[in-house]
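structure.cif, holding mmCIF, C-alpha atoms:
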data_my_file
loop_
_atom_site.group_PDB
_atom_site.id
_atom_site.type_symbol
_atom_site.label_atom_id
_atom_site.label_comp_id
_atom_site.auth_asym_id
_atom_site.auth_seq_id
_atom_site.Cartn_x
_atom_site.Cartn_y
_atom_site.Cartn_z
ATOM 1 C CA MET A 1 120.004 60.459 122.624
ATOM 2 C CA THR A 2 118.917 58.704 119.415
ATOM 3 C CA VAL A 3 121.691 58.277 116.837
ATOM 4 C CA LEU A 4 120.311 58.750 113.340
ATOM 5 C CA PRO A 5 121.217 55.809 111.057
ATOM 6 C CA VAL A 6 123.059 56.687 107.868
ATOM 7 C CA PRO A 7 120.585 56.883 104.946
ATOM 8 C CA ARG A 8 120.742 54.032 102.439
ATOM 9 C CA GLY A 9 118.665 52.362 99.735
ATOM 10 C CA LEU A 10 119.302 55.040 97.090
ATOM 11 C CA ASP A 11 121.361 55.183 93.914
ATOM 12 C CA ALA A 12 123.807 57.948 93.018
ATOM 13 C CA GLN A 13 120.937 60.095 91.705
ATOM 14 C CA GLY A 14 118.984 59.836 94.948
ATOM 15 C CA ARG A 15 116.405 57.378 93.599
ATOM 16 C CA LEU A 16 115.198 54.313 95.472
ATOM 17 C CA THR A 17 116.834 51.046 94.487
ATOM 18 C CA ARG A 18 115.183 47.635 94.488
ATOM 19 C CA GLU A 19 115.753 46.060 97.887
ATOM 20 C CA GLY A 20 115.654 42.311 97.093
ATOM 21 C CA SER A 21 116.985 39.863 94.544
ATOM 22 C CA LEU A 22 116.796 36.153 93.763
ATOM 23 C CA ALA A 23 120.514 35.922 94.520
ATOM 24 C CA ARG A 24 119.771 36.783 98.158
ATOM 25 C CA VAL A 25 117.308 33.922 98.668
ATOM 26 C CA GLN A 26 118.858 31.600 101.241
ATOM 27 C CA PRO A 27 119.445 27.988 100.088
ATOM 28 C CA VAL A 28 116.801 26.565 102.448
ATOM 29 C CA PHE A 29 114.080 28.668 100.778
ATOM 30 C CA ARG A 30 115.098 28.047 97.178
ATOM 31 C CA PRO A 31 112.956 24.886 96.793
ATOM 32 C CA VAL A 32 109.879 26.891 97.802
ATOM 33 C CA VAL A 33 110.686 29.617 95.291
ATOM 34 C CA ALA A 34 111.290 27.017 92.584
ATOM 35 C CA ALA A 35 107.933 25.384 93.322
ATOM 36 C CA VAL A 36 106.128 28.720 92.965
ATOM 37 C CA ARG A 37 107.901 29.389 89.671
ATOM 38 C CA ASP A 38 106.926 25.972 88.357
ATOM 39 C CA ARG A 39 103.290 25.956 89.509
ATOM 40 C CA LEU A 40 102.030 29.460 88.770
ATOM 41 C CA PRO A 41 101.930 29.017 84.961
ATOM 42 C CA ALA A 42 99.798 25.892 85.403
ATOM 43 C CA VAL A 43 97.363 27.829 87.605
ATOM 44 C CA PHE A 44 96.877 30.858 85.353
ATOM 45 C CA GLY A 45 98.243 29.892 81.934
ATOM 46 C CA THR A 46 98.497 32.762 79.451
ATOM 47 C CA ARG A 47 96.515 35.011 81.807
ATOM 48 C CA LEU A 48 99.592 35.309 84.025
ATOM 49 C CA HIS A 49 101.525 38.459 83.205
ATOM 50 C CA SER A 50 104.221 38.342 85.891
ATOM 51 C CA ALA A 51 104.971 37.240 89.440
ATOM 52 C CA TYR A 52 107.192 38.680 92.165
ATOM 53 C CA LEU A 53 108.583 37.873 95.586
ATOM 54 C CA TYR A 54 108.661 40.443 98.345
ATOM 55 C CA GLY A 55 109.426 40.501 102.057
ATOM 56 C CA SER A 56 112.162 38.742 103.988
ATOM 57 C CA ILE A 57 112.829 35.860 101.568
ATOM 58 C CA PRO A 58 114.173 37.970 98.650
ATOM 59 C CA ARG A 59 115.906 40.256 101.171
ATOM 60 C CA GLY A 60 117.804 37.264 102.524
ATOM 61 C CA THR A 61 116.629 37.835 106.105
ATOM 62 C CA ALA A 62 113.996 35.076 106.392
ATOM 63 C CA ARG A 63 114.008 32.716 109.378
ATOM 64 C CA VAL A 64 113.372 29.000 108.906
ATOM 65 C CA GLY A 65 109.932 27.955 110.125
ATOM 66 C CA ARG A 66 109.080 31.504 111.154
ATOM 67 C CA SER A 67 108.928 33.566 107.953
ATOM 68 C CA ASP A 68 106.143 33.509 105.430
ATOM 69 C CA LEU A 69 106.405 33.486 101.646
ATOM 70 C CA ASP A 70 105.114 36.771 100.198
ATOM 71 C CA LEU A 71 104.011 36.915 96.554
ATOM 72 C CA LEU A 72 102.572 39.497 94.210
ATOM 73 C CA ILE A 73 100.873 38.133 91.095
ATOM 74 C CA ALA A 74 99.949 40.334 88.136
ATOM 75 C CA LEU A 75 97.320 39.001 85.735
ATOM 76 C CA CYS A 76 96.652 40.289 82.245
ATOM 77 C CA GLU A 77 93.171 41.295 83.398
ATOM 78 C CA GLU A 78 91.543 42.027 86.743
ATOM 79 C CA PRO A 79 91.298 38.904 88.946
ATOM 80 C CA ALA A 80 87.984 37.165 89.597
ATOM 81 C CA ASP A 81 86.826 35.192 92.609
ATOM 82 C CA ALA A 82 87.996 31.964 90.962
ATOM 83 C CA ASP A 83 91.502 33.405 90.672
ATOM 84 C CA ARG A 84 91.538 34.309 94.350
ATOM 85 C CA ALA A 85 90.380 30.813 95.239
ATOM 86 C CA ALA A 86 93.147 29.332 93.083
ATOM 87 C CA VAL A 87 95.769 31.472 94.787
ATOM 88 C CA GLN A 88 94.417 30.476 98.178
ATOM 89 C CA ALA A 89 94.641 26.789 97.269
ATOM 90 C CA LEU A 90 98.178 27.186 95.949
ATOM 91 C CA GLY A 91 99.263 28.941 99.128
ATOM 92 C CA GLU A 92 97.754 26.250 101.335
ATOM 93 C CA ALA A 93 99.474 23.516 99.318
ATOM 94 C CA LEU A 94 102.868 25.233 99.545
ATOM 95 C CA ASP A 95 102.442 25.800 103.254
ATOM 96 C CA ARG A 96 101.719 22.107 103.840
ATOM 97 C CA GLU A 97 104.588 20.951 101.672
ATOM 98 C CA PHE A 98 107.373 23.232 102.854
ATOM 99 C CA PRO A 99 107.861 23.422 106.649
ATOM 100 C CA GLN A 100 110.537 26.086 106.264
ATOM 101 C CA ILE A 101 107.814 28.704 105.640
ATOM 102 C CA ASP A 102 105.102 29.862 108.031
ATOM 103 C CA GLY A 103 102.269 30.515 105.591
ATOM 104 C CA VAL A 104 101.881 32.244 102.233
ATOM 105 C CA GLY A 105 100.570 35.750 101.669
ATOM 106 C CA THR A 106 99.630 36.762 98.121
ATOM 107 C CA LEU A 107 98.662 40.060 96.543
ATOM 108 C CA LEU A 108 96.696 39.499 93.322
ATOM 109 C CA HIS A 109 96.061 42.365 90.889
ATOM 110 C CA GLY A 110 95.487 43.077 87.222
ATOM 111 C CA ARG A 111 98.352 44.553 85.226
ATOM 112 C CA GLU A 112 96.453 47.721 84.327
ATOM 113 C CA ARG A 113 95.739 48.554 87.940
ATOM 114 C CA LEU A 114 99.398 48.153 88.879
ATOM 115 C CA LEU A 115 100.342 50.543 86.063
ATOM 116 C CA SER A 116 97.489 52.994 86.633
ATOM 117 C CA ASP A 117 97.978 56.654 87.536
ATOM 118 C CA LEU A 118 96.086 56.105 90.787
ATOM 119 C CA GLU A 119 98.512 53.387 91.894
ATOM 120 C CA ARG A 120 101.703 54.866 90.478
ATOM 121 C CA TYR A 121 103.010 55.953 93.870
ATOM 122 C CA ASP A 122 101.559 53.056 95.847
ATOM 123 C CA LEU A 123 101.276 49.640 94.221
ATOM 124 C CA GLY A 124 103.466 50.808 91.336
ATOM 125 C CA TRP A 125 106.223 51.879 93.707
ATOM 126 C CA PHE A 126 105.769 48.615 95.602
ATOM 127 C CA VAL A 127 106.380 46.587 92.436
ATOM 128 C CA ALA A 128 109.320 48.692 91.307
ATOM 129 C CA CYS A 129 111.152 48.945 94.632
ATOM 130 C CA LEU A 130 110.016 46.230 97.047
ATOM 131 C CA CYS A 131 109.222 43.328 94.688
ATOM 132 C CA THR A 132 111.724 40.935 93.105
ATOM 133 C CA PRO A 133 110.794 39.601 89.630
ATOM 134 C CA LEU A 134 110.187 35.853 89.511
ATOM 135 C CA LEU A 135 108.231 35.239 86.283
ATOM 136 C CA GLY A 136 107.197 37.231 83.214
ATOM 137 C CA ASP A 137 107.984 40.748 82.049
ATOM 138 C CA ASP A 138 109.001 43.057 84.870
ATOM 139 C CA LEU A 139 106.445 45.869 85.216
ATOM 140 C CA ALA A 140 109.118 48.079 86.767
ATOM 141 C CA ALA A 141 110.336 48.816 83.238
ATOM 142 C CA ARG A 142 107.073 50.753 82.679
ATOM 143 C CA LEU A 143 107.165 52.638 85.970
ATOM 144 C CA PRO A 144 109.107 55.735 87.022
ATOM 145 C CA ARG A 145 112.168 55.862 89.232
ATOM 146 C CA TYR A 146 111.079 56.891 92.696
ATOM 147 C CA ARG A 147 112.484 59.268 95.266
ATOM 148 C CA PRO A 148 111.755 59.253 99.021
ATOM 149 C CA ASP A 149 109.640 62.398 98.854
ATOM 150 C CA SER A 150 106.377 63.639 100.361
ATOM 151 C CA LEU A 151 104.285 62.423 97.415
ATOM 152 C CA LEU A 152 105.530 58.867 97.911
ATOM 153 C CA ALA A 153 104.944 59.100 101.658
ATOM 154 C CA ARG A 154 101.365 60.307 101.204
ATOM 155 C CA GLU A 155 100.376 57.759 98.578
ATOM 156 C CA THR A 156 101.845 54.772 100.400
ATOM 157 C CA ASN A 157 100.782 55.407 103.993
ATOM 158 C CA GLY A 158 98.573 58.483 104.089
ATOM 159 C CA ASP A 159 95.381 56.522 104.792
ATOM 160 C CA LEU A 160 95.879 55.515 108.422
ATOM 161 C CA ALA A 161 92.856 57.522 109.548
ATOM 162 C CA ARG A 162 90.635 55.371 107.313
ATOM 163 C CA TRP A 163 92.126 52.162 108.751
ATOM 164 C CA LEU A 164 91.660 52.961 112.421
ATOM 165 C CA PRO A 165 87.865 52.364 112.569
ATOM 166 C CA ARG A 166 88.383 48.974 110.891
ATOM 167 C CA TRP A 167 91.097 48.130 113.407
ATOM 168 C CA ARG A 168 88.745 48.927 116.279
ATOM 169 C CA GLU A 169 86.158 46.604 114.747
ATOM 170 C CA ARG A 170 88.703 43.803 114.370
ATOM 171 C CA ILE A 171 89.785 44.210 117.985
ATOM 172 C CA ALA A 172 86.191 44.120 119.179
ATOM 173 C CA ARG A 173 85.469 40.942 117.184
ATOM 174 C CA ALA A 174 88.614 39.097 118.259
ATOM 175 C CA GLU A 175 88.424 36.356 120.850
ATOM 176 C CA ASP A 176 89.472 37.469 124.314
ATOM 177 C CA THR A 177 92.664 35.394 124.344
ATOM 178 C CA GLU A 178 96.340 36.188 123.983
ATOM 179 C CA GLU A 179 96.596 33.766 121.058
ATOM 180 C CA ALA A 180 93.855 35.606 119.150
ATOM 181 C CA ARG A 181 95.350 39.019 119.863
ATOM 182 C CA ARG A 182 98.952 38.270 118.867
ATOM 183 C CA PRO A 183 98.352 38.365 115.080
ATOM 184 C CA LEU A 184 96.531 41.690 115.483
ATOM 185 C CA VAL A 185 99.393 43.123 117.511
ATOM 186 C CA ARG A 186 101.893 41.918 114.922
ATOM 187 C CA PHE A 187 99.957 43.356 111.978
ATOM 188 C CA MET A 188 99.137 46.699 113.599
ATOM 189 C CA SER A 189 102.631 47.112 115.030
ATOM 190 C CA ARG A 190 104.160 46.681 111.593
ATOM 191 C CA HIS A 191 101.667 49.018 109.953
ATOM 192 C CA LEU A 192 102.258 51.754 112.523
ATOM 193 C CA VAL A 193 106.048 51.481 112.429
ATOM 194 C CA ARG A 194 106.091 51.641 108.634
ATOM 195 C CA THR A 195 103.728 54.602 108.644
ATOM 196 C CA ALA A 196 105.818 56.386 111.269
ATOM 197 C CA PHE A 197 108.953 55.768 109.238
ATOM 198 C CA THR A 198 107.490 57.125 105.999
ATOM 199 C CA LEU A 199 106.320 60.202 107.919
ATOM 200 C CA VAL A 200 110.001 61.157 108.317
ATOM 201 C CA MET A 201 111.415 59.345 105.257
ATOM 202 C CA PRO A 202 111.598 62.531 103.122
ATOM 203 C CA ARG A 203 113.692 64.178 105.845
ATOM 204 C CA TRP A 204 115.986 61.164 106.235
ATOM 205 C CA GLN A 205 116.276 60.614 102.465
ATOM 206 C CA GLY A 206 116.688 56.850 102.502
ATOM 207 C CA TRP A 207 114.850 53.531 102.687
ATOM 208 C CA THR A 208 114.888 50.487 104.962
ATOM 209 C CA SER A 209 112.465 47.618 105.578
ATOM 210 C CA ASP A 210 113.949 46.739 108.967
ATOM 211 C CA LEU A 211 111.385 47.650 111.641
ATOM 212 C CA HIS A 212 114.002 48.408 114.292
ATOM 213 C CA GLU A 213 115.860 50.762 111.961
ATOM 214 C CA MET A 214 112.583 52.384 110.942
ATOM 215 C CA ALA A 215 111.842 53.072 114.610
ATOM 216 C CA GLU A 216 115.308 54.529 115.170
ATOM 217 C CA VAL A 217 114.978 56.858 112.194
ATOM 218 C CA PHE A 218 111.566 58.011 113.365
ATOM 219 C CA GLY A 219 112.748 58.475 116.948
ATOM 220 C CA ALA A 220 115.512 60.822 115.879
ATOM 221 C CA TYR A 221 112.879 63.267 114.609
ATOM 222 C CA HIS A 222 110.172 62.555 117.212
ATOM 223 C CA PRO A 223 112.009 61.729 120.453
ATOM 224 C CA VAL A 224 108.844 61.982 122.568
ATOM 225 C CA ARG A 225 107.387 59.001 120.668
ATOM 226 C CA ALA A 226 110.685 57.141 120.177
ATOM 227 C CA ALA A 227 110.231 54.587 122.960
ATOM 228 C CA GLN A 228 106.700 53.847 121.793
ATOM 229 C CA LEU A 229 107.939 53.101 118.265
ATOM 230 C CA ARG A 230 110.794 50.932 119.485
ATOM 231 C CA THR A 231 108.294 48.851 121.433
ATOM 232 C CA ALA A 232 106.007 48.601 118.402
ATOM 233 C CA ALA A 233 108.956 47.450 116.275
ATOM 234 C CA ARG A 234 109.719 44.727 118.805
ATOM 235 C CA TYR A 235 106.095 43.602 118.785
ATOM 236 C CA GLY A 236 106.181 43.605 114.983
ATOM 237 C CA TYR A 237 108.653 40.727 115.221
ATOM 238 C CA GLU A 238 107.681 39.124 118.534
ATOM 239 C CA PRO A 239 104.083 40.131 119.332
ATOM 240 C CA ALA A 240 102.474 39.963 122.748
ATOM 241 C CA GLY A 241 98.761 39.359 123.238
ATOM 242 C CA ASP A 242 98.235 42.219 125.693
ATOM 243 C CA PRO A 243 94.914 44.034 125.044
ATOM 244 C CA ALA A 244 96.447 47.245 126.409
ATOM 245 C CA VAL A 245 98.832 47.292 123.440
ATOM 246 C CA LEU A 246 95.957 47.247 120.971
ATOM 247 C CA ARG A 247 94.099 49.943 122.892
ATOM 248 C CA SER A 248 97.177 52.156 122.859
ATOM 249 C CA TYR A 249 97.443 51.739 119.090
ATOM 250 C CA VAL A 250 93.876 52.767 118.269
ATOM 251 C CA ASP A 251 93.408 55.339 121.057
ATOM 252 C CA ASP A 252 96.799 57.039 121.209
ATOM 253 C CA LEU A 253 99.604 56.261 118.759
ATOM 254 C CA GLY A 254 97.368 55.640 115.737
ATOM 255 C CA PRO A 255 95.247 58.826 116.004
ATOM 256 C CA TRP A 256 98.321 60.966 116.700
ATOM 257 C CA LEU A 257 100.203 59.488 113.767
ATOM 258 C CA ALA A 258 97.233 59.863 111.397
ATOM 259 C CA ALA A 259 96.803 63.528 112.308
ATOM 260 C CA GLU A 260 100.522 64.269 112.015
ATOM 261 C CA TYR A 261 100.679 62.473 108.675
ATOM 262 C CA ALA A 262 97.782 64.511 107.295
ATOM 263 C CA ARG A 263 99.406 67.712 108.535
ATOM 264 C CA VAL A 264 102.804 66.970 107.003
ATOM 265 C CA HIS A 265 102.016 65.028 103.816
ATOM 266 C CA GLY A 266 98.245 65.243 103.262
ATOM 267 C CA VAL A 267 95.783 62.391 102.828
ATOM 268 C CA LYS A 268 96.117 59.521 100.378
ATOM 269 C CA ALA A 269 93.681 59.393 97.470
ATOM 270 C CA PRO A 270 90.885 56.863 98.153
ATOM 271 C CA ARG A 271 91.106 53.430 96.548
ATOM 272 C CA PRO A 272 88.218 51.288 95.276
ATOM 273 C CA ASP A 273 89.225 48.687 97.854
ATOM 274 C CA GLN A 274 91.754 48.209 100.614
ATOM 275 C CA GLY A 275 92.968 44.730 99.721
ATOM 276 C CA LEU A 276 95.157 42.709 102.056
ATOM 277 C CA PRO A 277 97.294 39.721 101.077
ATOM 278 C CA LEU A 278 95.430 36.459 100.629
ATOM 279 C CA GLY A 279 96.694 34.250 103.433
ATOM 280 C CA SER A 280 97.374 30.561 103.659
ATOM 281 C CA GLY A 281 94.034 29.892 105.326
ATOM 282 C CA ARG A 282 95.367 28.882 108.752
ATOM 283 C CA PRO A 283 96.380 30.736 111.909
ATOM 284 C CA ARG A 284 99.933 32.089 111.773
ATOM 285 C CA ARG A 285 102.446 31.346 114.450
ATOM 286 C CA THR A 286 103.579 34.514 116.183
ATOM 287 C CA SER A 287 106.929 35.054 114.496
ATOM 288 C CA PRO A 288 109.035 37.604 112.639
ATOM 289 C CA ALA A 289 108.705 37.719 108.879
#

Could you render the structure as structure tokens?
Amino acid sequence: MTVLPVPRGLDAQGRLTREGSLARVQPVFRPVVAAVRDRLPAVFGTRLHSAYLYGSIPRGTARVGRSDLDLLIALCEEPADADRAAVQALGEALDREFPQIDGVGTLLHGRERLLSDLERYDLGWFVACLCTPLLGDDLAARLPRYRPDSLLARETNGDLARWLPRWRERIARAEDTEEARRPLVRFMSRHLVRTAFTLVMPRWQGWTSDLHEMAEVFGAYHPVRAAQLRTAARYGYEPAGDPAVLRSYVDDLGPWLAAEYARVHGVKAPRPDQGLPLGSGRPRRTSPA
């Protein structure tokens, strides 16, 4: 029998609290964070509005040599191709210089998009609750306080059905090797576990970014799929390159989860793009974040 974890991540009014802080950055990662803080103004100058950390480093759970550095950069206007190239170059330089990180992933957006009505319960929530301010004026001051409700669930993860055809294409294009499949397993495992968790988040009334805890919360409400989610959570940290895993994601778990999500929360409003973080430009080692 699955024991439901005690809900957490909320303030006394039932609103989501920010999960990370600079105080939680482990000493070994502080030189990397300091380098980002020093170099970003030189890259963007007055066009830089603000910058944020997210992921395991500001949560204090990063692992040396196995975790990547995750950044969100907000510009005063929408980014151009030259800005994306500059971010890519910065990430590659940091990755070469600091062996304690395993790559750099960067989200790059204009300030107005992050504050827009369309993104209020997606990128806006992400900034306000999952991002830790590093530079500039914190956009969270201009965003609402969020609750773990059905609206937030729909607007963060209610687009799985649109992702599945792209996933099938990526699987078909991937080299037929375990090494090539591991990053796909890692990415898709994490996406599915997070989607499954937010499916039941309004019932649990809490927040966590730990994949294992997400799977346990989900399993308490959907015991038939509990073992499948626990396995996906494990692969989210330590992926295997088994093609059967990918097939199960796009032929079984993914379609079921997309249909259940649409039934319970509805479908997320379409976005003009489906941007992913800009990576460090080299293959990742298969490791937890």

Within 8 Å of segment 131-148 of chain A, which residues of segment 15-48 of chain A show up? Give each one with its shortest atom-to-atom distance in Å (one decimal) and the two atoms involved, counting only C-alpha atoms, rows by chain then rising residue number, as a tab-separated table.
residue	atom	partner	partner_atom	distance
A:Arg15	CA	A:Arg147	CA	4.7
A:Leu16	CA	A:Tyr146	CA	5.6
A:Arg18	CA	A:Cys131	CA	7.4
A:Glu19	CA	A:Cys131	CA	7.8
A:Gly20	CA	A:Thr132	CA	5.8
A:Ser21	CA	A:Thr132	CA	5.6
A:Leu22	CA	A:Thr132	CA	7.0
A:Arg37	CA	A:Leu135	CA	6.8
A:Leu48	CA	A:Gly136	CA	7.9

- Apply the PyMOL selection byres ((chain A and resi 262-271) around 10) to the displayed file and report the matching residues as a VMD selection string. chain A and resid 118 to 119 122 149 to 162 198 to 200 202 257 to 261 272 to 275

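The space between atom CA of Leu10 of chain A and atom CA of Leu75 of chain A spans 29.5 Å.
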
If you apply the PyMOL selection byres ((chain A and resi 93) around 12) to this file, what residues do you get, as a tab-separated table (two decimals) with C-alpha atoms, in the frame of the given file?
chain	number	residue	atom	x	y	z
A	32	VAL	CA	109.88	26.89	97.80
A	35	ALA	CA	107.93	25.38	93.32
A	36	VAL	CA	106.13	28.72	92.96
A	39	ARG	CA	103.29	25.96	89.51
A	86	ALA	CA	93.15	29.33	93.08
A	87	VAL	CA	95.77	31.47	94.79
A	88	GLN	CA	94.42	30.48	98.18
A	89	ALA	CA	94.64	26.79	97.27
A	90	LEU	CA	98.18	27.19	95.95
A	91	GLY	CA	99.26	28.94	99.13
A	92	GLU	CA	97.75	26.25	101.34
A	94	LEU	CA	102.87	25.23	99.54
A	95	ASP	CA	102.44	25.80	103.25
A	96	ARG	CA	101.72	22.11	103.84
A	97	GLU	CA	104.59	20.95	101.67
A	98	PHE	CA	107.37	23.23	102.85
A	99	PRO	CA	107.86	23.42	106.65
A	101	ILE	CA	107.81	28.70	105.64
A	103	GLY	CA	102.27	30.52	105.59
A	104	VAL	CA	101.88	32.24	102.23
A	279	GLY	CA	96.69	34.25	103.43
A	280	SER	CA	97.37	30.56	103.66
A	281	GLY	CA	94.03	29.89	105.33
A	282	ARG	CA	95.37	28.88	108.75

- Message: Just the number, please: distance in Å from atom CA of Val33 of chain A to atom CA of Arg120 of chain A, one decimal.
- Response: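 These atoms are spaced 27.2 Å apart.
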
- Item | Selected residue, from A:Leu192, A:Ile73, A:Gly55, A:Val64, that lies nearest to Ala215 of chain A when counting only C-alpha atoms |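 Once distances to Ala215 of chain A are computed over only C-alpha atoms, the minimum belongs to A:Leu192.
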
- Item | Between atom CA of Asp242 of chain A and atom CA of Glu179 of chain A, distance in Å (one decimal) |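 Rounded to one decimal, the two atoms are 9.8 Å apart.
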
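Using all atoms listed in the file, the nearest neighbour of Glu178 of chain A within the list A:Val217, A:Leu246, A:Leu130, A:Val25 is A:Leu246.
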
Which residues of segment 124-206 of chain A sit at most 10 Å from segment 220-233 of chain A, using only C-alpha atoms? Give each one's shortest atom pair and distance in Å (one decimal place), in chain and ascending residue order, as JSON lines.
{"residue": "A:Val185", "atom": "CA", "partner": "A:Ala232", "partner_atom": "CA", "distance": 8.6}
{"residue": "A:Arg186", "atom": "CA", "partner": "A:Ala232", "partner_atom": "CA", "distance": 8.6}
{"residue": "A:Met188", "atom": "CA", "partner": "A:Ala232", "partner_atom": "CA", "distance": 8.6}
{"residue": "A:Ser189", "atom": "CA", "partner": "A:Ala232", "partner_atom": "CA", "distance": 5.0}
{"residue": "A:Arg190", "atom": "CA", "partner": "A:Ala233", "partner_atom": "CA", "distance": 6.7}
{"residue": "A:His191", "atom": "CA", "partner": "A:Ala232", "partner_atom": "CA", "distance": 9.5}
{"residue": "A:Leu192", "atom": "CA", "partner": "A:Ala232", "partner_atom": "CA", "distance": 7.7}
{"residue": "A:Val193", "atom": "CA", "partner": "A:Ala233", "partner_atom": "CA", "distance": 6.3}
{"residue": "A:Arg194", "atom": "CA", "partner": "A:Ala233", "partner_atom": "CA", "distance": 9.2}
{"residue": "A:Ala196", "atom": "CA", "partner": "A:Leu229", "partner_atom": "CA", "distance": 8.0}
{"residue": "A:Phe197", "atom": "CA", "partner": "A:Leu229", "partner_atom": "CA", "distance": 9.5}
{"residue": "A:Leu199", "atom": "CA", "partner": "A:Tyr221", "partner_atom": "CA", "distance": 9.9}
{"residue": "A:Val200", "atom": "CA", "partner": "A:Tyr221", "partner_atom": "CA", "distance": 7.2}
{"residue": "A:Arg203", "atom": "CA", "partner": "A:Tyr221", "partner_atom": "CA", "distance": 8.8}
{"residue": "A:Trp204", "atom": "CA", "partner": "A:Tyr221", "partner_atom": "CA", "distance": 9.2}

Those same residues - C-alpha atoms - I'd like them written as a PDB file, keeping the file's coordinate frame.
ATOM      1  CA  VAL A 185      99.393  43.123 117.511  1.00  0.00           C
ATOM      2  CA  ARG A 186     101.893  41.918 114.922  1.00  0.00           C
ATOM      3  CA  MET A 188      99.137  46.699 113.599  1.00  0.00           C
ATOM      4  CA  SER A 189     102.631  47.112 115.030  1.00  0.00           C
ATOM      5  CA  ARG A 190     104.160  46.681 111.593  1.00  0.00           C
ATOM      6  CA  HIS A 191     101.667  49.018 109.953  1.00  0.00           C
ATOM      7  CA  LEU A 192     102.258  51.754 112.523  1.00  0.00           C
ATOM      8  CA  VAL A 193     106.048  51.481 112.429  1.00  0.00           C
ATOM      9  CA  ARG A 194     106.091  51.641 108.634  1.00  0.00           C
ATOM     10  CA  ALA A 196     105.818  56.386 111.269  1.00  0.00           C
ATOM     11  CA  PHE A 197     108.953  55.768 109.238  1.00  0.00           C
ATOM     12  CA  LEU A 199     106.320  60.202 107.919  1.00  0.00           C
ATOM     13  CA  VAL A 200     110.001  61.157 108.317  1.00  0.00           C
ATOM     14  CA  ARG A 203     113.692  64.178 105.845  1.00  0.00           C
ATOM     15  CA  TRP A 204     115.986  61.164 106.235  1.00  0.00           C
TER      16      TRP A 204
END

- Message: Applying 8 Å and only C-alpha atoms, which residues near Glu112 of chain A remain after dropping the ones on its own chain fewer than 5 positions away? List them as a count of residues only.
- Response: 3
